[in-house]
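File shown: protein.cif. Contents: mmCIF, C-alpha atoms.
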```cif
data_input
loop_
_atom_site.label_atom_id
_atom_site.label_comp_id
_atom_site.auth_asym_id
_atom_site.auth_seq_id
_atom_site.Cartn_x
_atom_site.Cartn_y
_atom_site.Cartn_z
CA MET A 1 -54.21 -42.49 -54.44
CA SER A 2 -53.53 -44.87 -51.56
CA SER A 3 -49.76 -44.50 -51.98
CA LEU A 4 -49.96 -40.90 -50.75
CA THR A 5 -50.02 -39.73 -47.17
CA THR A 6 -53.23 -38.13 -46.00
CA ALA A 7 -51.49 -34.98 -44.76
CA ARG A 8 -52.17 -31.93 -46.94
CA ALA A 9 -48.98 -30.65 -48.58
CA PRO A 10 -48.11 -27.13 -47.38
CA LYS A 11 -48.14 -24.45 -50.06
CA GLY A 12 -44.66 -23.87 -51.42
CA LEU A 13 -43.49 -27.01 -49.58
CA GLU A 14 -42.89 -24.80 -46.55
CA GLY A 15 -41.24 -26.77 -43.76
CA VAL A 16 -41.03 -29.98 -45.80
CA VAL A 17 -37.75 -31.89 -45.38
CA ALA A 18 -36.81 -33.05 -48.87
CA THR A 19 -33.39 -34.64 -48.35
CA THR A 20 -30.43 -35.06 -46.00
CA SER A 21 -27.36 -32.87 -46.45
CA GLY A 22 -24.05 -32.27 -44.71
CA ILE A 23 -23.43 -28.87 -46.29
CA CYS A 24 -25.50 -26.16 -44.64
CA TYR A 25 -27.06 -25.91 -41.16
CA ILE A 26 -29.81 -23.38 -40.42
CA ASP A 27 -31.68 -22.69 -37.19
CA GLY A 28 -34.36 -20.19 -38.13
CA ASP A 29 -35.50 -19.60 -34.54
CA GLN A 30 -32.01 -18.79 -33.28
CA GLY A 31 -30.82 -17.01 -36.43
CA VAL A 32 -28.00 -19.49 -37.07
CA LEU A 33 -26.40 -20.18 -40.46
CA ALA A 34 -23.38 -22.49 -40.67
CA TYR A 35 -21.42 -24.14 -43.47
CA ARG A 36 -20.26 -27.67 -42.54
CA GLY A 37 -21.02 -26.75 -38.92
CA ILE A 38 -18.93 -23.54 -38.85
CA ASP A 39 -20.96 -20.45 -37.97
CA ILE A 40 -21.25 -17.87 -40.74
CA HIS A 41 -20.07 -15.15 -38.31
CA GLU A 42 -16.76 -16.98 -37.78
CA LEU A 43 -16.30 -17.41 -41.52
CA ALA A 44 -17.15 -13.78 -42.29
CA ASP A 45 -14.72 -12.56 -39.62
CA ASN A 46 -11.82 -14.88 -40.41
CA SER A 47 -12.15 -16.66 -43.74
CA THR A 48 -11.97 -15.88 -47.46
CA PHE A 49 -14.27 -16.86 -50.29
CA GLU A 50 -11.70 -19.34 -51.64
CA GLU A 51 -11.36 -21.01 -48.26
CA THR A 52 -15.15 -21.15 -47.97
CA CYS A 53 -15.32 -22.82 -51.39
CA TYR A 54 -12.90 -25.48 -50.19
CA LEU A 55 -15.00 -26.02 -47.07
CA LEU A 56 -18.17 -26.46 -49.13
CA TRP A 57 -16.63 -28.73 -51.78
CA PHE A 58 -14.30 -30.87 -49.66
CA GLY A 59 -16.20 -30.89 -46.37
CA ARG A 60 -13.49 -29.34 -44.17
CA LEU A 61 -11.20 -26.33 -43.89
CA PRO A 62 -8.06 -26.61 -46.02
CA ARG A 63 -4.48 -26.79 -44.87
CA GLN A 64 -2.27 -23.96 -46.05
CA SER A 65 -0.89 -25.95 -49.01
CA GLU A 66 -4.39 -27.05 -50.04
CA LEU A 67 -5.72 -23.49 -49.98
CA LYS A 68 -2.73 -22.33 -52.04
CA GLU A 69 -3.41 -25.06 -54.59
CA LEU A 70 -7.10 -24.15 -54.85
CA ARG A 71 -6.27 -20.48 -55.35
CA GLU A 72 -3.84 -21.42 -58.11
CA ARG A 73 -6.42 -23.65 -59.80
CA LEU A 74 -9.07 -20.93 -59.64
CA ALA A 75 -6.56 -18.49 -61.17
CA GLU A 76 -5.72 -20.95 -63.97
CA GLU A 77 -9.39 -21.30 -64.85
CA ARG A 78 -9.94 -17.56 -65.26
CA THR A 79 -10.23 -17.93 -69.00
CA LEU A 80 -13.07 -18.07 -71.48
CA ASP A 81 -13.13 -19.75 -74.86
CA PRO A 82 -13.19 -17.17 -77.70
CA ALA A 83 -16.63 -18.48 -78.66
CA ILE A 84 -17.99 -17.34 -75.29
CA ILE A 85 -16.50 -13.88 -75.75
CA ALA A 86 -18.05 -13.81 -79.23
CA LEU A 87 -21.43 -14.62 -77.69
CA LEU A 88 -21.03 -11.74 -75.25
CA ARG A 89 -20.17 -9.38 -78.12
CA THR A 90 -23.02 -10.43 -80.40
CA THR A 91 -25.78 -10.58 -77.78
CA PRO A 92 -28.26 -7.69 -78.23
CA ARG A 93 -27.47 -4.91 -75.78
CA HIS A 94 -30.99 -4.96 -74.34
CA VAL A 95 -30.47 -8.48 -72.97
CA GLN A 96 -30.41 -8.53 -69.19
CA PRO A 97 -27.22 -9.89 -67.55
CA MET A 98 -29.06 -12.80 -65.88
CA ASP A 99 -30.46 -13.95 -69.22
CA LEU A 100 -27.03 -13.75 -70.79
CA LEU A 101 -25.43 -15.58 -67.85
CA ARG A 102 -27.96 -18.42 -68.09
CA THR A 103 -27.20 -18.94 -71.79
CA ALA A 104 -23.44 -18.52 -71.49
CA VAL A 105 -23.12 -21.03 -68.64
CA SER A 106 -25.02 -23.60 -70.69
CA MET A 107 -22.64 -22.92 -73.57
CA LEU A 108 -19.57 -23.36 -71.34
CA SER A 109 -20.20 -27.10 -71.34
CA PHE A 110 -19.30 -27.24 -75.06
CA TYR A 111 -15.72 -26.31 -74.19
CA ASP A 112 -15.28 -28.15 -70.90
CA ALA A 113 -12.71 -30.95 -70.94
CA ASP A 114 -14.84 -32.96 -68.49
CA ASP A 115 -18.13 -32.41 -70.32
CA LYS A 116 -18.87 -36.14 -70.72
CA LYS A 117 -17.74 -37.08 -67.22
CA ASN A 118 -20.01 -37.09 -64.17
CA ASP A 119 -17.83 -38.65 -61.48
CA HIS A 120 -16.87 -36.97 -58.21
CA GLU A 121 -13.42 -35.74 -59.28
CA ALA A 122 -14.68 -34.43 -62.62
CA ASN A 123 -17.43 -32.51 -60.86
CA LEU A 124 -14.91 -30.95 -58.47
CA ARG A 125 -12.92 -29.75 -61.48
CA LYS A 126 -16.12 -28.36 -63.02
CA ALA A 127 -16.97 -26.59 -59.77
CA ILE A 128 -13.61 -24.81 -59.82
CA ARG A 129 -13.95 -23.87 -63.51
CA LEU A 130 -17.50 -22.61 -63.19
CA THR A 131 -16.69 -20.51 -60.13
CA SER A 132 -13.94 -18.72 -62.05
CA GLN A 133 -15.80 -18.54 -65.36
CA ILE A 134 -19.11 -17.20 -64.04
CA ALA A 135 -17.30 -14.24 -62.46
CA MET A 136 -15.53 -13.59 -65.75
CA ILE A 137 -18.74 -13.77 -67.79
CA VAL A 138 -20.55 -11.27 -65.58
CA ALA A 139 -17.68 -8.77 -65.63
CA ALA A 140 -16.86 -9.19 -69.32
CA TYR A 141 -20.46 -8.73 -70.44
CA ASP A 142 -20.82 -5.60 -68.35
CA ARG A 143 -17.76 -4.03 -69.98
CA ILE A 144 -18.71 -5.13 -73.49
CA ARG A 145 -22.23 -3.72 -73.25
CA LYS A 146 -20.70 -0.40 -72.13
CA GLY A 147 -18.31 -0.33 -75.10
CA LYS A 148 -15.24 -1.00 -72.96
CA SER A 149 -12.44 -3.49 -73.51
CA VAL A 150 -12.42 -6.78 -71.61
CA VAL A 151 -9.88 -6.72 -68.76
CA ASP A 152 -7.39 -9.53 -68.27
CA PRO A 153 -7.42 -11.18 -64.82
CA ASP A 154 -4.48 -10.84 -62.45
CA ARG A 155 -3.34 -14.22 -61.12
CA LYS A 156 -1.85 -12.58 -58.05
CA LEU A 157 -5.23 -11.33 -56.87
CA GLY A 158 -7.90 -13.31 -55.03
CA HIS A 159 -11.37 -14.01 -56.37
CA ALA A 160 -13.11 -10.92 -54.96
CA ALA A 161 -10.33 -8.52 -55.98
CA ASN A 162 -10.16 -10.05 -59.46
CA PHE A 163 -13.89 -9.63 -59.99
CA LEU A 164 -13.74 -5.94 -59.05
CA LEU A 165 -10.68 -5.52 -61.29
CA LEU A 166 -12.49 -7.15 -64.22
CA LEU A 167 -15.50 -4.88 -63.67
CA SER A 168 -13.78 -1.53 -63.22
CA GLY A 169 -10.40 -1.99 -64.89
CA GLY A 170 -8.63 -0.79 -61.75
CA ARG A 171 -7.29 -2.57 -58.70
CA PRO A 172 -9.81 -2.25 -55.84
CA SER A 173 -9.09 -0.77 -52.44
CA THR A 174 -8.47 -3.11 -49.53
CA THR A 175 -11.81 -2.04 -48.03
CA ALA A 176 -13.73 -2.80 -51.23
CA GLU A 177 -11.97 -6.13 -51.73
CA ARG A 178 -12.70 -7.30 -48.19
CA ALA A 179 -16.31 -6.09 -48.38
CA LEU A 180 -16.99 -8.11 -51.53
CA ASP A 181 -15.09 -11.11 -50.15
CA ILE A 182 -17.36 -11.14 -47.09
CA ALA A 183 -20.45 -10.69 -49.27
CA LEU A 184 -19.40 -13.70 -51.37
CA ILE A 185 -18.94 -15.78 -48.21
CA LEU A 186 -22.36 -14.77 -46.89
CA HIS A 187 -24.12 -15.68 -50.16
CA ALA A 188 -22.22 -18.92 -50.84
CA ASP A 189 -24.90 -21.34 -49.68
CA HIS A 190 -28.27 -21.42 -48.00
CA GLU A 191 -29.48 -25.01 -47.82
CA LEU A 192 -32.45 -25.92 -50.08
CA ASN A 193 -33.36 -22.49 -51.37
CA ALA A 194 -35.22 -22.47 -54.69
CA SER A 195 -32.19 -22.34 -56.99
CA THR A 196 -30.24 -24.97 -55.06
CA PHE A 197 -33.24 -27.30 -55.05
CA ALA A 198 -33.59 -26.77 -58.80
CA ALA A 199 -29.92 -27.70 -59.26
CA ARG A 200 -30.35 -30.87 -57.21
CA VAL A 201 -33.50 -31.90 -59.09
CA THR A 202 -31.64 -31.51 -62.39
CA ALA A 203 -28.56 -33.37 -61.11
CA ALA A 204 -30.75 -36.18 -59.75
CA THR A 205 -31.76 -37.14 -63.29
CA LEU A 206 -28.04 -37.87 -63.89
CA SER A 207 -27.79 -34.78 -66.03
CA ASP A 208 -24.52 -32.82 -65.84
CA MET A 209 -23.09 -30.05 -63.66
CA HIS A 210 -23.54 -27.35 -66.33
CA SER A 211 -27.21 -28.24 -66.81
CA ALA A 212 -27.77 -28.18 -63.06
CA ILE A 213 -26.10 -24.77 -62.66
CA THR A 214 -28.07 -23.45 -65.64
CA SER A 215 -31.28 -24.59 -63.93
CA ALA A 216 -30.17 -22.81 -60.77
CA ILE A 217 -29.43 -19.56 -62.61
CA GLY A 218 -32.83 -19.64 -64.29
CA THR A 219 -34.43 -20.06 -60.87
CA LEU A 220 -32.30 -17.36 -59.21
CA LYS A 221 -33.46 -14.88 -61.85
CA GLY A 222 -36.97 -14.74 -60.34
CA PRO A 223 -37.76 -11.63 -58.29
CA LEU A 224 -38.98 -13.78 -55.38
CA HIS A 225 -35.50 -15.29 -55.09
CA GLY A 226 -32.45 -13.43 -56.36
CA GLY A 227 -33.99 -10.18 -57.56
CA ALA A 228 -35.08 -8.72 -54.22
CA ASN A 229 -31.91 -6.64 -53.72
CA GLU A 230 -32.55 -4.93 -57.07
CA ALA A 231 -36.04 -3.98 -55.87
CA VAL A 232 -34.53 -2.59 -52.66
CA PHE A 233 -32.18 -0.29 -54.54
CA HIS A 234 -34.89 0.87 -56.94
CA MET A 235 -36.85 1.93 -53.84
CA LEU A 236 -33.84 3.81 -52.45
CA VAL A 237 -33.32 5.58 -55.78
CA GLU A 238 -36.98 6.62 -55.93
CA ILE A 239 -36.81 8.03 -52.40
CA ASP A 240 -33.61 9.94 -53.22
CA ARG A 241 -34.87 11.23 -56.59
CA ASN A 242 -38.05 12.61 -55.06
CA GLY A 243 -36.35 14.01 -51.99
CA ALA A 244 -38.80 12.00 -49.89
CA ASP A 245 -38.53 11.18 -46.22
CA PRO A 246 -37.60 7.46 -46.10
CA VAL A 247 -39.80 6.71 -43.10
CA GLN A 248 -42.88 8.42 -44.53
CA PHE A 249 -42.27 6.82 -47.92
CA VAL A 250 -42.25 3.35 -46.40
CA LYS A 251 -45.25 4.08 -44.18
CA ASN A 252 -47.17 5.08 -47.32
CA MET A 253 -46.17 1.78 -48.94
CA LEU A 254 -47.41 -0.14 -45.92
CA THR A 255 -50.68 1.80 -45.87
CA GLN A 256 -51.20 0.86 -49.52
CA LYS A 257 -50.49 -2.80 -48.67
CA LYS A 258 -47.34 -2.76 -50.83
CA LYS A 259 -44.49 -5.14 -50.11
CA VAL A 260 -41.26 -3.56 -48.87
CA SER A 261 -38.51 -5.69 -50.41
CA GLY A 262 -35.64 -6.92 -48.26
CA PHE A 263 -37.64 -7.82 -45.16
CA GLY A 264 -38.82 -11.11 -43.71
CA HIS A 265 -37.63 -14.59 -44.56
CA ARG A 266 -39.28 -17.98 -45.05
CA VAL A 267 -36.78 -19.64 -42.68
CA TYR A 268 -35.53 -17.02 -40.20
CA HIS A 269 -37.84 -15.90 -37.40
CA THR A 270 -35.20 -13.58 -36.01
CA GLU A 271 -32.56 -11.47 -37.78
CA ASP A 272 -31.01 -13.05 -40.85
CA PRO A 273 -27.38 -13.58 -39.68
CA ARG A 274 -26.11 -12.47 -43.09
CA ALA A 275 -27.83 -9.10 -42.69
CA THR A 276 -25.80 -8.50 -39.51
CA HIS A 277 -22.55 -8.36 -41.50
CA LEU A 278 -23.98 -6.61 -44.55
CA ARG A 279 -25.33 -3.79 -42.37
CA THR A 280 -21.84 -3.13 -41.01
CA MET A 281 -20.30 -3.37 -44.47
CA ALA A 282 -22.83 -0.95 -45.95
CA ARG A 283 -22.06 1.54 -43.17
CA ASP A 284 -18.27 1.25 -43.46
CA LEU A 285 -18.26 1.39 -47.27
CA GLY A 286 -20.57 4.38 -47.26
CA GLN A 287 -18.34 6.28 -44.86
CA SER A 288 -15.11 5.43 -46.71
CA SER A 289 -16.53 6.33 -50.13
CA GLY A 290 -18.46 9.45 -49.16
CA GLN A 291 -21.75 7.79 -50.17
CA SER A 292 -23.23 7.29 -46.72
CA LYS A 293 -26.71 8.50 -47.75
CA TRP A 294 -27.66 5.03 -49.01
CA PHE A 295 -26.85 3.41 -45.70
CA GLU A 296 -28.53 6.19 -43.73
CA MET A 297 -31.75 5.81 -45.75
CA SER A 298 -31.59 2.04 -45.36
CA GLU A 299 -31.11 2.27 -41.60
CA LYS A 300 -34.17 4.51 -41.21
CA ILE A 301 -36.27 2.18 -43.37
CA GLU A 302 -35.14 -0.85 -41.37
CA GLN A 303 -36.10 0.78 -38.08
CA CYS A 304 -39.49 1.77 -39.49
CA VAL A 305 -40.39 -1.66 -40.88
CA LYS A 306 -39.24 -3.34 -37.70
CA ALA A 307 -41.44 -1.02 -35.61
CA GLU A 308 -44.46 -1.13 -37.90
CA LYS A 309 -44.44 -4.75 -39.09
CA ARG A 310 -42.02 -6.49 -36.72
CA LEU A 311 -40.07 -7.76 -39.71
CA ASN A 312 -36.29 -8.07 -39.77
CA ALA A 313 -34.02 -7.13 -42.65
CA ASN A 314 -32.86 -10.10 -44.71
CA VAL A 315 -29.71 -10.66 -46.78
CA ASP A 316 -31.08 -8.65 -49.72
CA PHE A 317 -31.74 -5.41 -47.86
CA TYR A 318 -28.22 -4.20 -47.08
CA SER A 319 -26.59 -6.02 -49.99
CA ALA A 320 -28.29 -3.44 -52.24
CA SER A 321 -26.46 -0.42 -50.80
CA THR A 322 -23.28 -2.48 -50.38
CA TYR A 323 -23.14 -3.48 -54.04
CA HIS A 324 -24.00 0.01 -55.25
CA THR A 325 -21.24 1.57 -53.17
CA LEU A 326 -18.82 -0.97 -54.67
CA GLY A 327 -19.68 0.48 -58.10
CA ILE A 328 -21.82 -2.46 -59.22
CA ASP A 329 -24.79 -1.62 -61.48
CA VAL A 330 -28.21 -2.56 -60.14
CA ASP A 331 -28.92 -5.12 -62.88
CA LEU A 332 -25.71 -6.91 -61.86
CA PHE A 333 -26.83 -7.44 -58.27
CA THR A 334 -28.43 -10.82 -59.02
CA PRO A 335 -25.55 -12.00 -61.26
CA VAL A 336 -23.16 -11.16 -58.40
CA PHE A 337 -25.36 -13.39 -56.22
CA ALA A 338 -24.64 -16.15 -58.76
CA VAL A 339 -20.89 -15.36 -58.69
CA SER A 340 -21.01 -16.45 -55.05
CA ARG A 341 -23.80 -19.04 -54.96
CA VAL A 342 -22.21 -21.16 -57.70
CA SER A 343 -19.98 -22.51 -54.94
CA GLY A 344 -22.97 -23.78 -52.97
CA TRP A 345 -24.82 -25.01 -56.05
CA ALA A 346 -21.79 -27.05 -57.07
CA ALA A 347 -21.41 -28.50 -53.56
CA HIS A 348 -25.03 -29.65 -53.62
CA VAL A 349 -24.74 -31.13 -57.11
CA ILE A 350 -21.68 -33.10 -56.00
CA GLU A 351 -23.45 -34.27 -52.84
CA GLN A 352 -26.55 -35.27 -54.82
CA LEU A 353 -24.59 -37.29 -57.36
CA ASP A 354 -22.42 -38.97 -54.71
CA ASP A 355 -25.53 -40.69 -53.31
CA ASN A 356 -28.16 -40.17 -55.94
CA ARG A 357 -31.83 -40.97 -56.10
CA LEU A 358 -34.19 -39.41 -58.62
CA ILE A 359 -36.18 -36.59 -56.98
CA ARG A 360 -39.79 -37.33 -57.83
CA PRO A 361 -42.35 -36.01 -55.31
CA ARG A 362 -46.09 -36.51 -55.55
CA ALA A 363 -48.89 -33.95 -55.75
CA ASP A 364 -51.86 -33.68 -53.42
CA TYR A 365 -54.65 -34.03 -55.98
CA ILE A 366 -57.52 -31.53 -55.47
CA GLY A 367 -59.25 -31.84 -58.85
CA PRO A 368 -62.68 -33.35 -59.67
CA PRO A 369 -63.21 -36.66 -57.85
CA TYR A 370 -62.38 -39.88 -59.64
CA PRO A 371 -63.95 -41.29 -61.72
CA GLN A 372 -65.16 -38.64 -64.13
CA HIS A 373 -66.46 -39.94 -67.48
CA TYR A 374 -65.87 -38.76 -70.99
CA ILE A 375 -68.88 -37.01 -72.57
CA PRO A 376 -69.11 -37.09 -76.39
CA ILE A 377 -68.71 -33.60 -77.84
CA GLU A 378 -72.24 -33.49 -79.32
CA GLN A 379 -73.70 -34.10 -75.83
CA ARG A 380 -71.82 -31.33 -74.02
#
```

Structure translated into structure tokens:
Amino acid sequence: MSSLTTARAPKGLEGVVATTSGICYIDGDQGVLAYRGIDIHELADNSTFEETCYLLWFGRLPRQSELKELRERLAEERTLDPAIIALLRTTPRHVQPMDLLRTAVSMLSFYDADDKKNDHEANLRKAIRLTSQIAMIVAAYDRIRKGKSVVDPDRKLGHAANFLLLLSGGRPSTTAERALDIALILHADHELNASTFAARVTAATLSDMHSAITSAIGTLKGPLHGGANEAVFHMLVEIDRNGADPVQFVKNMLTQKKKVSGFGHRVYHTEDPRATHLRTMARDLGQSSGQSKWFEMSEKIEQCVKAEKRLNANVDFYSASTYHTLGIDVDLFTPVFAVSRVSGWAAHVIEQLDDNRLIRPRADYIGPPYPQHYIPIEQR
């Protein structure tokens, strides 16, 4: 064991620096999140999801002609092989959208023209395809499981508007389109979170982009990662159904030592900067749609938890009421996370493969001391 350091590994690798990266900058003490050095607040106020994708994949903001080209390429890739549609139609209706998405993304590789290629340019093309296709899979499956026809994409619309069109069958309002666009920007990347790390570990074996993204989706599915916003909305629904006071409901949870989802963060010691924008979006969407009760409940809960536990809302807390007000079903909340985060996953896979080394950490052994000796079975 002499090749190991003597320092005890922190549980969950908390605070461990596992690699270098030029994609995402986080300062947990100051509440800073930046993509390629550009603060998330500036991107949320001024950018679009497509422009953010370019920034993540190419390392800089695009010129006007470059952004136009990327939008056109994303529009061209809004298509699914008939075999994928057949999978969506034949999947048992009880299958959860995240399980279906994991399987469908793996299957996409069968029909990808660059399937056998793993160079930088091929992976950029795969990143564009997967970003368009994942959104289509999520929307198409939701309509199929509800007995509705699959909607054709509109090449004139941007990514956020197209996704809402594919879900509802109708062109979204400007408010709804911009709200989802901002949400996609906010969720696009977050350094070495669990799903991104899983994608990089897979890519580091010199596997392929589709395998890496499939690994990421399987990791995102876990309730300690991507499923927290679903838990938040289930709580809001229970409060509303029972006509309970939100503050008293949460105080009872805290008294019973129950976790209130959507609060606290492993990295941020102040407010999650993404929550800042999602709070405003949840308020504005609620007012414009006449569904302000979800935001009002959320605001009371946030104030209570902050006073009682000194915990700040994270990205999951207000995304729950935001997504619901946009007409997105609760079991699609995590798949919508993937619709955005595929951009960051792909950026990390590309970065990993551009300067690759197999990711193979060691374990801090805490078992019986060496050497232990084998005891014949008749002597045990």

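Within the file as shown, the PyMOL selection byres ((chain A and resi 160-166) around 8) identifies Phe49, Ala135, Met136, Ala139, Ala140, Val150, Val151, Asp152, Pro153, Asp154, Leu157, Gly158, His159, Leu167, Ser168, Gly169, Gly170, Arg171, Pro172, Glu177, Arg178, Leu180, Asp181 and Leu184 of chain A.
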
Per residue of region 172-278 of chain A within 9 Å of region 287-294 of chain A, what are the shortest atom pair and its distance in Å to one decimal, counting only C-alpha atoms, with rows by chain and residue number, as a tab-separated table?
```
residue	atom	partner	partner_atom	distance
A:Thr175	CA	A:Ser288	CA	8.3
A:Phe233	CA	A:Trp294	CA	8.9
A:Leu236	CA	A:Trp294	CA	7.2
A:Val237	CA	A:Trp294	CA	8.8
A:Asp240	CA	A:Trp294	CA	8.8
```

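Straight-line separation from CA of Ile26 (chain A) to CA of Leu186 (chain A): 13.1 Å.
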
Selected by the PyMOL selection byres ((chain A and resi 328) around 12) in the shown coordinates: which residues, as number ranges by chain? A: 138-139, 142-143, 163-168, 176, 180, 230, 233, 319-327, 329-337

Expected selection from the PyMOL selection byres ((chain A and resi 79) around 8), given as an MDAnalysis selection string: chainID A and resid 76:78 80:81 132:133 136

Give me the residues within 12 Å of region 40-44 of chain A as a PyMOL selection string, counting all atoms listed in the file and dropping any in the same chain fewer than 2 places off. chain A and resi 24-26+31-38+46-53+55-56+61+178-190+272-278+280-281

If you measure from CA of Arg362 (chain A) to CA of Asp119 (chain A), what distance in Å do you get, rounded to one decimal?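 Between CA of Arg362 (chain A) and CA of Asp119 (chain A) the gap works out to 29.0 Å.
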
With 5 Å added on each side, what axis-aligned box encloses every listed atom of region 255-268 of chain A? Give the centre and edge lengths in Å to one decimal, as lines of an AutoDock Vina configuration file.
```
center_x = -43.4
center_y = -8.9
center_z = -45.5
size_x = 25.7
size_y = 31.4
size_z = 20.6
```

Which polymer residues have any atom within 7 Å of an atom of region 244-254 of chain A, counting all atoms listed in the file, with same-chain residues fewer than 3 positions away left out, as number ranges by chain? A: 239-240, 257-258, 297, 300-301, 304

Separation of CA of Ala203 (chain A) and CA of Asp355 (chain A), in Å? 11.1 Å

Distance query Leu108 (chain A) at most 9 Å, only C-alpha atoms, self and fewer than 3 positions along chain excluded, as an MDAnalysis selection string: chainID A and resid 80:81 84 103:105 111:112 130 133 210

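Shell of Gln352 (chain A) at 10 Å, with only C-alpha atoms counted and residues fewer than 5 places along the chain excluded, is Thr19, Thr20, Ser21, Ala199, Arg200, Val201, Thr202, Ala203, Ala204, Leu206, Ala346, Ala347, Arg357, Leu358 and Ile359 of chain A.
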
Write out as a compact mmCIF listing (two decimals) with C-alpha atoms, in the frame of the given file which residues come within 12 Å of Leu13 (chain A) when counting only C-alpha atoms, dropping same-chain ones fewer than 4 positions away.
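Final output, saved to selection-v1.txt:
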```
# COMPACT_ATOMS: atom_id res chain seq x y z
CA ARG A 8 -52.17 -31.93 -46.94
CA ALA A 9 -48.98 -30.65 -48.58
CA VAL A 17 -37.75 -31.89 -45.38
CA ALA A 18 -36.81 -33.05 -48.87
CA LEU A 192 -32.45 -25.92 -50.08
CA ASN A 193 -33.36 -22.49 -51.37
CA ALA A 194 -35.22 -22.47 -54.69
CA PHE A 197 -33.24 -27.30 -55.05
CA ARG A 266 -39.28 -17.98 -45.05
CA PRO A 361 -42.35 -36.01 -55.31
CA ARG A 362 -46.09 -36.51 -55.55
CA ALA A 363 -48.89 -33.95 -55.75
CA ASP A 364 -51.86 -33.68 -53.42
```

Among the residues A:His348, A:His373, A:Arg241, A:His120, the one that comes closest to Gly22 (chain A) [using only C-alpha atoms]: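 That would be A:His348, the residue with the smallest distance to Gly22 (chain A).
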
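Restricting the calculation to all atoms listed in the file, the smallest distance between Ile23 (chain A) and any of A:Pro369, A:Pro82, A:Gly226, A:Gly344 is found for A:Gly344.
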
What would region 153-157 of chain A look like with all heavy atoms in place, written as a tab-separated table (two decimals), keeping the file's coordinate frame?
```
chain	number	residue	atom	x	y	z
A	153	PRO	N	-7.53	-10.93	-66.27
A	153	PRO	CA	-7.42	-11.18	-64.82
A	153	PRO	C	-5.97	-11.11	-64.36
A	153	PRO	O	-5.04	-11.27	-65.15
A	153	PRO	CB	-7.99	-12.59	-64.67
A	153	PRO	CG	-7.81	-13.23	-66.00
A	153	PRO	CD	-7.95	-12.13	-67.01
A	154	ASP	N	-5.80	-10.88	-63.08
A	154	ASP	CA	-4.48	-10.84	-62.45
A	154	ASP	C	-4.36	-12.07	-61.55
A	154	ASP	O	-5.07	-12.17	-60.54
A	154	ASP	CB	-4.32	-9.55	-61.64
A	154	ASP	CG	-2.94	-9.39	-61.04
A	154	ASP	OD1	-2.20	-10.39	-60.95
A	154	ASP	OD2	-2.59	-8.25	-60.65
A	155	ARG	N	-3.46	-12.99	-61.88
A	155	ARG	CA	-3.34	-14.22	-61.12
A	155	ARG	C	-2.86	-14.01	-59.69
A	155	ARG	O	-2.99	-14.90	-58.85
A	155	ARG	CB	-2.40	-15.19	-61.84
A	155	ARG	CG	-2.97	-15.74	-63.13
A	155	ARG	CD	-2.21	-16.97	-63.59
A	155	ARG	NE	-2.86	-17.60	-64.74
A	155	ARG	CZ	-2.55	-18.80	-65.19
A	155	ARG	NH1	-1.59	-19.50	-64.59
A	155	ARG	NH2	-3.18	-19.31	-66.22
A	156	LYS	N	-2.34	-12.84	-59.40
A	156	LYS	CA	-1.85	-12.58	-58.05
A	156	LYS	C	-2.99	-12.18	-57.11
A	156	LYS	O	-2.82	-12.22	-55.89
A	156	LYS	CB	-0.80	-11.46	-58.08
A	156	LYS	CG	0.47	-11.83	-58.86
A	156	LYS	CD	1.44	-10.67	-58.89
A	156	LYS	CE	2.67	-11.01	-59.71
A	156	LYS	NZ	3.61	-9.85	-59.80
A	157	LEU	N	-4.12	-11.80	-57.68
A	157	LEU	CA	-5.23	-11.33	-56.87
A	157	LEU	C	-6.19	-12.48	-56.54
A	157	LEU	O	-6.30	-13.44	-57.28
A	157	LEU	CB	-6.00	-10.24	-57.60
A	157	LEU	CG	-5.25	-8.93	-57.91
A	157	LEU	CD1	-6.17	-7.96	-58.63
A	157	LEU	CD2	-4.72	-8.31	-56.63
```
